[in-house]
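Enquirer: My structure file entry-v5.pdb, PDB, C-alpha atoms, pLDDT in the B column, is below:
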```pdb
ATOM      1  CA  MET A   1     116.294 120.138  93.453  1.00 61.00           C
ATOM      2  CA  ALA A   2     112.613 120.435  94.296  1.00 78.00           C
ATOM      3  CA  PHE A   3     110.691 117.339  95.324  1.00 82.00           C
ATOM      4  CA  LYS A   4     106.987 116.696  95.643  1.00 90.00           C
ATOM      5  CA  VAL A   5     106.583 114.306  98.541  1.00 90.00           C
ATOM      6  CA  VAL A   6     103.235 112.493  98.550  1.00 92.00           C
ATOM      7  CA  VAL A   7     102.404 111.206 102.042  1.00 91.00           C
ATOM      8  CA  SER A   8      99.654 108.583 102.377  1.00 92.00           C
ATOM      9  CA  GLN A   9      98.075 107.933 105.741  1.00 87.00           C
ATOM     10  CA  LYS A  10      95.310 105.308 105.653  1.00 86.00           C
ATOM     11  CA  ASP A  11      92.757 106.793 103.227  1.00 87.00           C
ATOM     12  CA  THR A  12      94.093 110.381 103.156  1.00 89.00           C
ATOM     13  CA  THR A  13      96.887 111.704 100.957  1.00 91.00           C
ATOM     14  CA  TYR A  14      98.901 114.899 101.421  1.00 90.00           C
ATOM     15  CA  GLN A  15     101.310 116.536  98.965  1.00 91.00           C
ATOM     16  CA  ILE A  16     104.262 118.504 100.307  1.00 89.00           C
ATOM     17  CA  ASP A  17     106.379 120.680  97.988  1.00 88.00           C
ATOM     18  CA  LEU A  18     109.914 120.467  99.302  1.00 82.00           C
ATOM     19  CA  GLU A  19     112.622 122.909  98.273  1.00 78.00           C
ATOM     20  CA  THR A  20     115.733 121.298  99.629  1.00 66.00           C
ATOM     21  CA  ASN A  21     119.359 122.173  99.096  1.00 57.00           C
ATOM     22  CA  ASP A  22     120.654 119.504 101.435  1.00 59.00           C
ATOM     23  CA  LYS A  23     120.927 116.037  99.974  1.00 76.00           C
ATOM     24  CA  GLN A  24     119.204 114.071 102.747  1.00 84.00           C
ATOM     25  CA  LEU A  25     116.795 112.212 100.431  1.00 87.00           C
ATOM     26  CA  ILE A  26     119.320 111.597  97.623  1.00 89.00           C
ATOM     27  CA  GLY A  27     120.561 108.001  97.703  1.00 91.00           C
ATOM     28  CA  LEU A  28     117.600 106.497  99.576  1.00 93.00           C
ATOM     29  CA  LYS A  29     115.942 103.465  97.971  1.00 95.00           C
ATOM     30  CA  ILE A  30     112.380 102.193  97.697  1.00 95.00           C
ATOM     31  CA  GLY A  31     111.471 100.405 100.938  1.00 95.00           C
ATOM     32  CA  GLU A  32     113.758 102.484 103.173  1.00 95.00           C
ATOM     33  CA  GLU A  33     112.396 104.610 105.996  1.00 94.00           C
ATOM     34  CA  PHE A  34     113.411 108.166 106.855  1.00 92.00           C
ATOM     35  CA  ASP A  35     112.603 110.734 109.518  1.00 92.00           C
ATOM     36  CA  GLY A  36     109.609 112.916 108.666  1.00 89.00           C
ATOM     37  CA  GLN A  37     111.375 115.978 110.072  1.00 88.00           C
ATOM     38  CA  ILE A  38     113.113 116.296 106.674  1.00 87.00           C
ATOM     39  CA  VAL A  39     109.752 117.185 105.083  1.00 86.00           C
ATOM     40  CA  GLY A  40     108.408 119.081 108.096  1.00 85.00           C
ATOM     41  CA  LEU A  41     106.514 116.265 109.854  1.00 88.00           C
ATOM     42  CA  ASP A  42     108.069 116.105 113.325  1.00 88.00           C
ATOM     43  CA  GLY A  43     107.669 112.756 115.079  1.00 89.00           C
ATOM     44  CA  TYR A  44     106.661 110.881 111.909  1.00 92.00           C
ATOM     45  CA  THR A  45     108.548 108.105 110.156  1.00 94.00           C
ATOM     46  CA  LEU A  46     107.924 107.691 106.409  1.00 93.00           C
ATOM     47  CA  LYS A  47     108.614 104.709 104.131  1.00 96.00           C
ATOM     48  CA  ILE A  48     109.383 105.250 100.435  1.00 95.00           C
ATOM     49  CA  THR A  49     107.012 103.275  98.186  1.00 95.00           C
ATOM     50  CA  GLY A  50     107.897 104.717  94.768  1.00 94.00           C
ATOM     51  CA  GLY A  51     108.095 107.852  92.692  1.00 94.00           C
ATOM     52  CA  SER A  52     108.654 109.251  89.228  1.00 94.00           C
ATOM     53  CA  ASP A  53     111.331 111.232  87.428  1.00 93.00           C
ATOM     54  CA  LYS A  54     111.227 114.529  85.535  1.00 91.00           C
ATOM     55  CA  ASN A  55     109.965 112.811  82.361  1.00 93.00           C
ATOM     56  CA  GLY A  56     107.226 110.834  84.127  1.00 92.00           C
ATOM     57  CA  PHE A  57     108.912 107.425  84.197  1.00 94.00           C
ATOM     58  CA  THR A  58     108.038 105.439  87.316  1.00 94.00           C
ATOM     59  CA  MET A  59     110.527 104.037  89.797  1.00 94.00           C
ATOM     60  CA  LYS A  60     110.665 100.230  89.918  1.00 93.00           C
ATOM     61  CA  LYS A  61     111.922  98.331  92.950  1.00 93.00           C
ATOM     62  CA  ASP A  62     113.585  95.585  90.865  1.00 91.00           C
ATOM     63  CA  VAL A  63     115.939  97.954  88.993  1.00 92.00           C
ATOM     64  CA  GLU A  64     119.085  98.793  90.975  1.00 94.00           C
ATOM     65  CA  GLY A  65     120.530 102.297  91.060  1.00 93.00           C
ATOM     66  CA  PRO A  66     119.278 105.642  89.747  1.00 92.00           C
ATOM     67  CA  ARG A  67     119.489 104.627  86.065  1.00 93.00           C
ATOM     68  CA  ARG A  68     116.744 104.531  83.467  1.00 94.00           C
ATOM     69  CA  ILE A  69     116.338 101.314  81.449  1.00 94.00           C
ATOM     70  CA  LYS A  70     113.985  99.716  78.939  1.00 95.00           C
ATOM     71  CA  SER A  71     112.580  96.544  80.419  1.00 92.00           C
ATOM     72  CA  LEU A  72     110.223  93.860  79.087  1.00 93.00           C
ATOM     73  CA  LEU A  73     107.181  94.043  81.378  1.00 92.00           C
ATOM     74  CA  THR A  74     104.172  91.757  81.714  1.00 92.00           C
ATOM     75  CA  GLY A  75     102.414  93.915  84.296  1.00 90.00           C
ATOM     76  CA  GLY A  76     102.912  95.650  87.603  1.00 88.00           C
ATOM     77  CA  VAL A  77     104.488  99.059  88.108  1.00 86.00           C
ATOM     78  CA  GLY A  78     104.863 100.959  84.844  1.00 85.00           C
ATOM     79  CA  TYR A  79     102.619  98.801  82.626  1.00 90.00           C
ATOM     80  CA  HIS A  80      99.072  97.467  82.874  1.00 92.00           C
ATOM     81  CA  PRO A  81      98.273  95.156  79.924  1.00 93.00           C
ATOM     82  CA  LYS A  82      94.753  95.065  78.496  1.00 93.00           C
ATOM     83  CA  ALA A  83      94.858  91.269  77.945  1.00 94.00           C
ATOM     84  CA  ALA A  84      96.533  88.376  79.759  1.00 92.00           C
ATOM     85  CA  GLY A  85      99.958  87.334  78.498  1.00 91.00           C
ATOM     86  CA  VAL A  86     100.761  90.603  76.713  1.00 95.00           C
ATOM     87  CA  LYS A  87     104.346  91.838  77.140  1.00 95.00           C
ATOM     88  CA  ARG A  88     105.742  95.233  76.249  1.00 94.00           C
ATOM     89  CA  ARG A  89     109.088  96.966  76.469  1.00 95.00           C
ATOM     90  CA  LYS A  90     108.715 100.061  78.656  1.00 94.00           C
ATOM     91  CA  THR A  91     111.143 102.570  80.137  1.00 94.00           C
ATOM     92  CA  VAL A  92     111.382 102.575  83.940  1.00 94.00           C
ATOM     93  CA  ARG A  93     113.584 104.336  86.496  1.00 95.00           C
ATOM     94  CA  GLY A  94     115.745 102.568  89.103  1.00 94.00           C
ATOM     95  CA  ASN A  95     114.941 102.253  92.798  1.00 94.00           C
ATOM     96  CA  THR A  96     117.342 104.947  94.071  1.00 95.00           C
ATOM     97  CA  ILE A  97     116.391 108.618  94.497  1.00 93.00           C
ATOM     98  CA  SER A  98     118.601 110.940  92.439  1.00 90.00           C
ATOM     99  CA  ASP A  99     118.487 114.548  91.211  1.00 89.00           C
ATOM    100  CA  ASP A 100     116.209 113.484  88.329  1.00 90.00           C
ATOM    101  CA  ILE A 101     113.381 112.358  90.632  1.00 91.00           C
ATOM    102  CA  VAL A 102     110.621 114.960  91.105  1.00 92.00           C
ATOM    103  CA  GLN A 103     107.946 112.994  92.994  1.00 93.00           C
ATOM    104  CA  ILE A 104     108.452 110.654  95.929  1.00 94.00           C
ATOM    105  CA  ASN A 105     105.568 108.506  97.175  1.00 94.00           C
ATOM    106  CA  THR A 106     105.630 107.617 100.871  1.00 94.00           C
ATOM    107  CA  VAL A 107     103.446 105.968 103.483  1.00 95.00           C
ATOM    108  CA  VAL A 108     103.348 106.709 107.223  1.00 93.00           C
ATOM    109  CA  THR A 109     104.859 103.925 109.349  1.00 93.00           C
ATOM    110  CA  LYS A 110     105.044 105.778 112.693  1.00 91.00           C
ATOM    111  CA  GLU A 111     102.717 108.623 113.643  1.00 88.00           C
ATOM    112  CA  GLY A 112     103.658 111.716 115.588  1.00 84.00           C
ATOM    113  CA  SER A 113     101.758 113.471 118.370  1.00 84.00           C
ATOM    114  CA  LYS A 114      99.978 115.961 116.059  1.00 85.00           C
ATOM    115  CA  SER A 115      97.989 115.029 112.953  1.00 85.00           C
ATOM    116  CA  ILE A 116      99.435 115.802 109.524  1.00 86.00           C
ATOM    117  CA  SER A 117      96.597 118.169 108.636  1.00 84.00           C
ATOM    118  CA  ASP A 118      97.303 120.205 111.798  1.00 85.00           C
ATOM    119  CA  ILE A 119     101.002 120.420 110.940  1.00 85.00           C
ATOM    120  CA  LEU A 120     100.489 121.386 107.285  1.00 81.00           C
ATOM    121  CA  ASN A 121      97.541 123.787 107.775  1.00 78.00           C
ATOM    122  CA  PRO A 122      97.959 125.581 111.133  1.00 68.00           C
ATOM    123  CA  GLU A 123      95.806 128.538 109.994  1.00 65.00           C
ATOM    124  CA  GLU A 124      92.684 126.345 109.692  1.00 55.00           C
ATOM    125  CA  GLU A 125      93.032 125.342 113.346  1.00 48.00           C
ATOM    126  CA  ALA A 126      93.318 129.013 114.388  1.00 48.00           C
ATOM    127  CA  GLU A 127      90.090 129.939 112.541  1.00 52.00           C
ATOM    128  CA  GLU A 128      87.962 127.362 114.396  1.00 53.00           C
TER     129      GLU A 128
END
```
What do you get writing this file as structure tokens?

Expert:
Amino acid sequence: MAFKVVVSQKDTTYQIDLETNDKQLIGLKIGEEFDGQIVGLDGYTLKITGGSDKNGFTMKKDVEGPRRIKSLLTGGVGYHPKAAGVKRRKTVRGNTISDDIVQINTVVTKEGSKSISDILNPEEEAEE
């Protein structure tokens, strides 16, 4: 399954398209950390902050497992009400990465020796 891994580092965001046949990311939950070598960032440690599935439903930390449920939301991830006190039933995805997830949002917790832009775009460095 192909993943789009979005890596945020301070005020800069990078998107990595990951074609993976090994199941190293499957089963990880929101809030867990993993080695950046899985996505090609040697020396980095990444923390999962969220994601979305193939139909665009967001992952919610409160929902256990990889399932999709309809939940009554008053705000937060998955629903932003226009007025105070408004509730709505919305579909959200659980907090566990499965085959249905296509985008994984991460944040850098430990930096490596090289910057992410140097790792992802080595040809730009050679041109300068």

Enquirer: When distances are computed from all atoms listed in the file, which of A:Lys23, A:Lys29, A:Lys47, A:Thr13 shows the smallest separation from Val107 in chain A?

Expert: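 Smallest separation from Val107 in chain A among the options: A:Lys47.
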
Enquirer: So the first atom is CA of Ser113 in chain A and the second is CA of Gln37 in chain A; what is the distance between them in Å, to one decimal place?

Expert: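 Computing the Euclidean distance for CA of Ser113 in chain A and CA of Gln37 in chain A yields 12.9 Å.
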
Enquirer: When you draw a straight line from CA of Arg89 in chain A to CA of Val6 in chain A, how long is it in Å?

Expert: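 Here the two named atoms are 27.6 Å from each other.
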
Enquirer: If you count all atoms listed in the file, which residues fall within 9 Å of Ile26 in chain A, apart from same-chain ones fewer than 3 positions away, as a tab-separated table (two decimals) with C-alpha atoms, in the coordinates of the input?

Expert:
```tsv
chain	number	residue	atom	x	y	z
A	22	ASP	CA	120.65	119.50	101.44
A	23	LYS	CA	120.93	116.04	99.97
A	29	LYS	CA	115.94	103.46	97.97
A	96	THR	CA	117.34	104.95	94.07
A	97	ILE	CA	116.39	108.62	94.50
A	98	SER	CA	118.60	110.94	92.44
A	99	ASP	CA	118.49	114.55	91.21
```

Enquirer: Could you state the separation of CA of Val102 in chain A and CA of Ala2 in chain A in Å, given to one decimal place?

Expert: 6.6 Å

Enquirer: At a cut-off of 8 Å, using only C-alpha atoms, what residues contact Gly50 in chain A? Leave out same-chain residues fewer than 4 positions from it and give the result as an MDAnalysis selection string.

Expert: chainID A and resid 30 58:61 95 104:106

Enquirer: Could you please take those selected residues and save C-alpha atoms as an mmCIF file, in the coordinates of the input?

Expert:
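Contents of the output file result-v2.cif:
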```
data_model
loop_
_atom_site.group_PDB
_atom_site.id
_atom_site.type_symbol
_atom_site.label_atom_id
_atom_site.label_comp_id
_atom_site.auth_asym_id
_atom_site.auth_seq_id
_atom_site.Cartn_x
_atom_site.Cartn_y
_atom_site.Cartn_z
ATOM 1 C CA ILE A 30 112.380 102.193 97.697
ATOM 2 C CA THR A 58 108.038 105.439 87.316
ATOM 3 C CA MET A 59 110.527 104.037 89.797
ATOM 4 C CA LYS A 60 110.665 100.230 89.918
ATOM 5 C CA LYS A 61 111.922 98.331 92.950
ATOM 6 C CA ASN A 95 114.941 102.253 92.798
ATOM 7 C CA ILE A 104 108.452 110.654 95.929
ATOM 8 C CA ASN A 105 105.568 108.506 97.175
ATOM 9 C CA THR A 106 105.630 107.617 100.871
#
```

Enquirer: Could you list the residues chosen by the PyMOL selection byres ((chain A and resi 67) around 6) in this structure as a PyMOL selection string?

Expert: chain A and resi 65-66+68+93-94

Enquirer: Residues near Lys54 in chain A, anyone? I mean within 9 Å using only C-alpha atoms, not counting same-chain ones fewer than 6 positions away, as a compact mmCIF listing (two decimals) with C-alpha atoms, in the coordinates of the input.

Expert:
```
# COMPACT_ATOMS: atom_id res chain seq x y z
CA ASP A 100 116.21 113.48 88.33
CA ILE A 101 113.38 112.36 90.63
CA VAL A 102 110.62 114.96 91.10
CA GLN A 103 107.95 112.99 92.99
```

Enquirer: Starting from the displayed file, determine the output of the PyMOL selection byres ((chain A and resi 45) around 7) and express the residue list as a list in words.

Expert: Glu33, Phe34, Asp35, Gly36, Gly43, Tyr44, Leu46, Lys47, Val108, Thr109, Lys110 and Glu111 of chain A

Enquirer: Mind telling me what the PyMOL selection byres ((chain A and resi 75-80) around 9) catches here, as an MDAnalysis selection string?

Expert: chainID A and resid 57:61 73:74 81:83 86:88 90:92

Enquirer: Check the smallest atom-to-atom distance from each of A:Leu25, A:Ala84, A:Val5, A:Leu41 to Ile116 in chain A using all atoms listed in the file, then report the winner.

Expert: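 Of all the options, A:Leu41 lies closest to Ile116 in chain A.
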
Enquirer: Counting only C-alpha atoms, which of A:Gly40, A:Gly85, A:Gly56, A:Gly51 gets nearest to Leu120 in chain A?

Expert: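 The answer is A:Gly40, which sits nearest to Leu120 in chain A.
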
Enquirer: Any chance you could work out the axis-aligned box around range 72-78 of chain A, listed atoms only, 3 Å on each side, giving centre and edge lengths in Å to one decimal, as JSON?

Expert:
```
{"center_x": 106.3, "center_y": 96.4, "center_z": 83.6, "size_x": 13.8, "size_y": 15.2, "size_z": 15.0}
```

Enquirer: Pick from A:Asn121, A:Gln9, A:Asn55, A:Ser115: nearest to Asp42 in chain A, with all atoms listed in the file counted?

Expert: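 Looking at the shortest contact to Asp42 in chain A, the residue is A:Ser115.
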
Enquirer: Nearest to Ile38 in chain A among A:Ile69, A:Leu18, A:Ser52, A:Thr12, with distances taken over all atoms listed in the file: which residue is it?

Expert: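 Checking each of A:Ile69, A:Leu18, A:Ser52, A:Thr12 against Ile38 in chain A, counting all atoms listed in the file, the winner is A:Leu18.
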
Enquirer: Kindly write range 28-65 of chain A with N, CA and C atoms to a file, as a short mmCIF file (atom, residue, chain, number, x, y, z; two decimals), in the first residue's frame.

Expert:
```cif
data_model
loop_
_atom_site.label_atom_id
_atom_site.label_comp_id
_atom_site.auth_asym_id
_atom_site.auth_seq_id
_atom_site.Cartn_x
_atom_site.Cartn_y
_atom_site.Cartn_z
N LEU A 28 0.88 0.90 13.95
CA LEU A 28 1.28 2.01 14.82
C LEU A 28 0.09 2.90 15.11
N LYS A 29 0.10 3.56 16.26
CA LYS A 29 -1.02 4.41 16.67
C LYS A 29 -0.58 5.87 16.72
N ILE A 30 -1.57 6.75 16.78
CA ILE A 30 -1.31 8.18 16.93
C ILE A 30 -0.59 8.40 18.27
N GLY A 31 0.49 9.16 18.24
CA GLY A 31 1.27 9.44 19.44
C GLY A 31 2.52 8.58 19.55
N GLU A 32 2.61 7.50 18.77
CA GLU A 32 3.80 6.65 18.81
C GLU A 32 4.89 7.22 17.92
N GLU A 33 6.12 6.91 18.28
CA GLU A 33 7.28 7.37 17.50
C GLU A 33 7.86 6.19 16.73
N PHE A 34 8.45 6.50 15.56
CA PHE A 34 9.11 5.48 14.77
C PHE A 34 10.37 6.05 14.15
N ASP A 35 11.25 5.16 13.71
CA ASP A 35 12.52 5.55 13.13
C ASP A 35 12.29 6.13 11.74
N GLY A 36 12.90 7.27 11.45
CA GLY A 36 12.73 7.93 10.17
C GLY A 36 13.38 7.20 9.01
N GLN A 37 14.20 6.19 9.30
CA GLN A 37 14.85 5.42 8.24
C GLN A 37 13.81 4.68 7.39
N ILE A 38 12.64 4.39 7.95
CA ILE A 38 11.56 3.73 7.21
C ILE A 38 11.13 4.58 6.02
N VAL A 39 11.12 5.90 6.18
CA VAL A 39 10.70 6.80 5.10
C VAL A 39 11.89 7.46 4.40
N GLY A 40 13.11 7.04 4.74
CA GLY A 40 14.29 7.56 4.07
C GLY A 40 14.97 8.71 4.77
N LEU A 41 14.62 8.98 6.02
CA LEU A 41 15.24 10.06 6.80
C LEU A 41 16.13 9.44 7.88
N ASP A 42 17.38 9.15 7.52
CA ASP A 42 18.30 8.51 8.46
C ASP A 42 18.63 9.45 9.61
N GLY A 43 18.58 8.92 10.84
CA GLY A 43 18.93 9.70 12.02
C GLY A 43 17.76 10.46 12.61
N TYR A 44 16.61 10.48 11.95
CA TYR A 44 15.45 11.21 12.44
C TYR A 44 14.50 10.28 13.18
N THR A 45 13.79 10.82 14.14
CA THR A 45 12.71 10.12 14.82
C THR A 45 11.44 10.93 14.59
N LEU A 46 10.37 10.25 14.14
CA LEU A 46 9.12 10.92 13.80
C LEU A 46 8.00 10.44 14.72
N LYS A 47 7.10 11.36 15.08
CA LYS A 47 5.95 11.05 15.92
C LYS A 47 4.69 11.21 15.09
N ILE A 48 3.80 10.22 15.14
CA ILE A 48 2.56 10.25 14.37
C ILE A 48 1.57 11.18 15.07
N THR A 49 1.02 12.16 14.31
CA THR A 49 0.06 13.10 14.88
C THR A 49 -1.34 12.94 14.29
N GLY A 50 -1.48 12.16 13.22
CA GLY A 50 -2.79 11.96 12.62
C GLY A 50 -2.67 11.40 11.23
N GLY A 51 -3.76 11.53 10.47
CA GLY A 51 -3.77 11.03 9.10
C GLY A 51 -5.19 10.96 8.58
N SER A 52 -5.32 10.39 7.38
CA SER A 52 -6.65 10.22 6.79
C SER A 52 -6.67 8.95 5.94
N ASP A 53 -7.87 8.42 5.74
CA ASP A 53 -7.99 7.17 4.99
C ASP A 53 -8.29 7.44 3.52
N LYS A 54 -8.55 6.38 2.77
CA LYS A 54 -8.72 6.49 1.32
C LYS A 54 -9.95 7.29 0.92
N ASN A 55 -10.91 7.44 1.82
CA ASN A 55 -12.12 8.22 1.54
C ASN A 55 -12.07 9.61 2.14
N GLY A 56 -10.96 9.99 2.77
CA GLY A 56 -10.80 11.32 3.31
C GLY A 56 -11.22 11.50 4.75
N PHE A 57 -11.60 10.43 5.44
CA PHE A 57 -12.00 10.54 6.84
C PHE A 57 -10.75 10.63 7.72
N THR A 58 -10.77 11.57 8.66
CA THR A 58 -9.60 11.81 9.50
C THR A 58 -9.47 10.79 10.61
N MET A 59 -8.23 10.57 11.04
CA MET A 59 -7.97 9.70 12.18
C MET A 59 -8.19 10.50 13.46
N LYS A 60 -8.81 9.85 14.46
CA LYS A 60 -9.08 10.51 15.73
C LYS A 60 -8.44 9.70 16.84
N LYS A 61 -7.73 10.38 17.72
CA LYS A 61 -6.97 9.70 18.77
C LYS A 61 -7.86 8.96 19.76
N ASP A 62 -9.08 9.42 19.96
CA ASP A 62 -9.98 8.83 20.96
C ASP A 62 -10.57 7.49 20.52
N VAL A 63 -10.60 7.21 19.23
CA VAL A 63 -11.23 6.00 18.71
C VAL A 63 -10.19 4.90 18.60
N GLU A 64 -10.40 3.80 19.31
CA GLU A 64 -9.43 2.70 19.32
C GLU A 64 -9.55 1.85 18.06
N GLY A 65 -8.42 1.36 17.59
CA GLY A 65 -8.38 0.42 16.48
C GLY A 65 -8.43 1.10 15.12
#
```
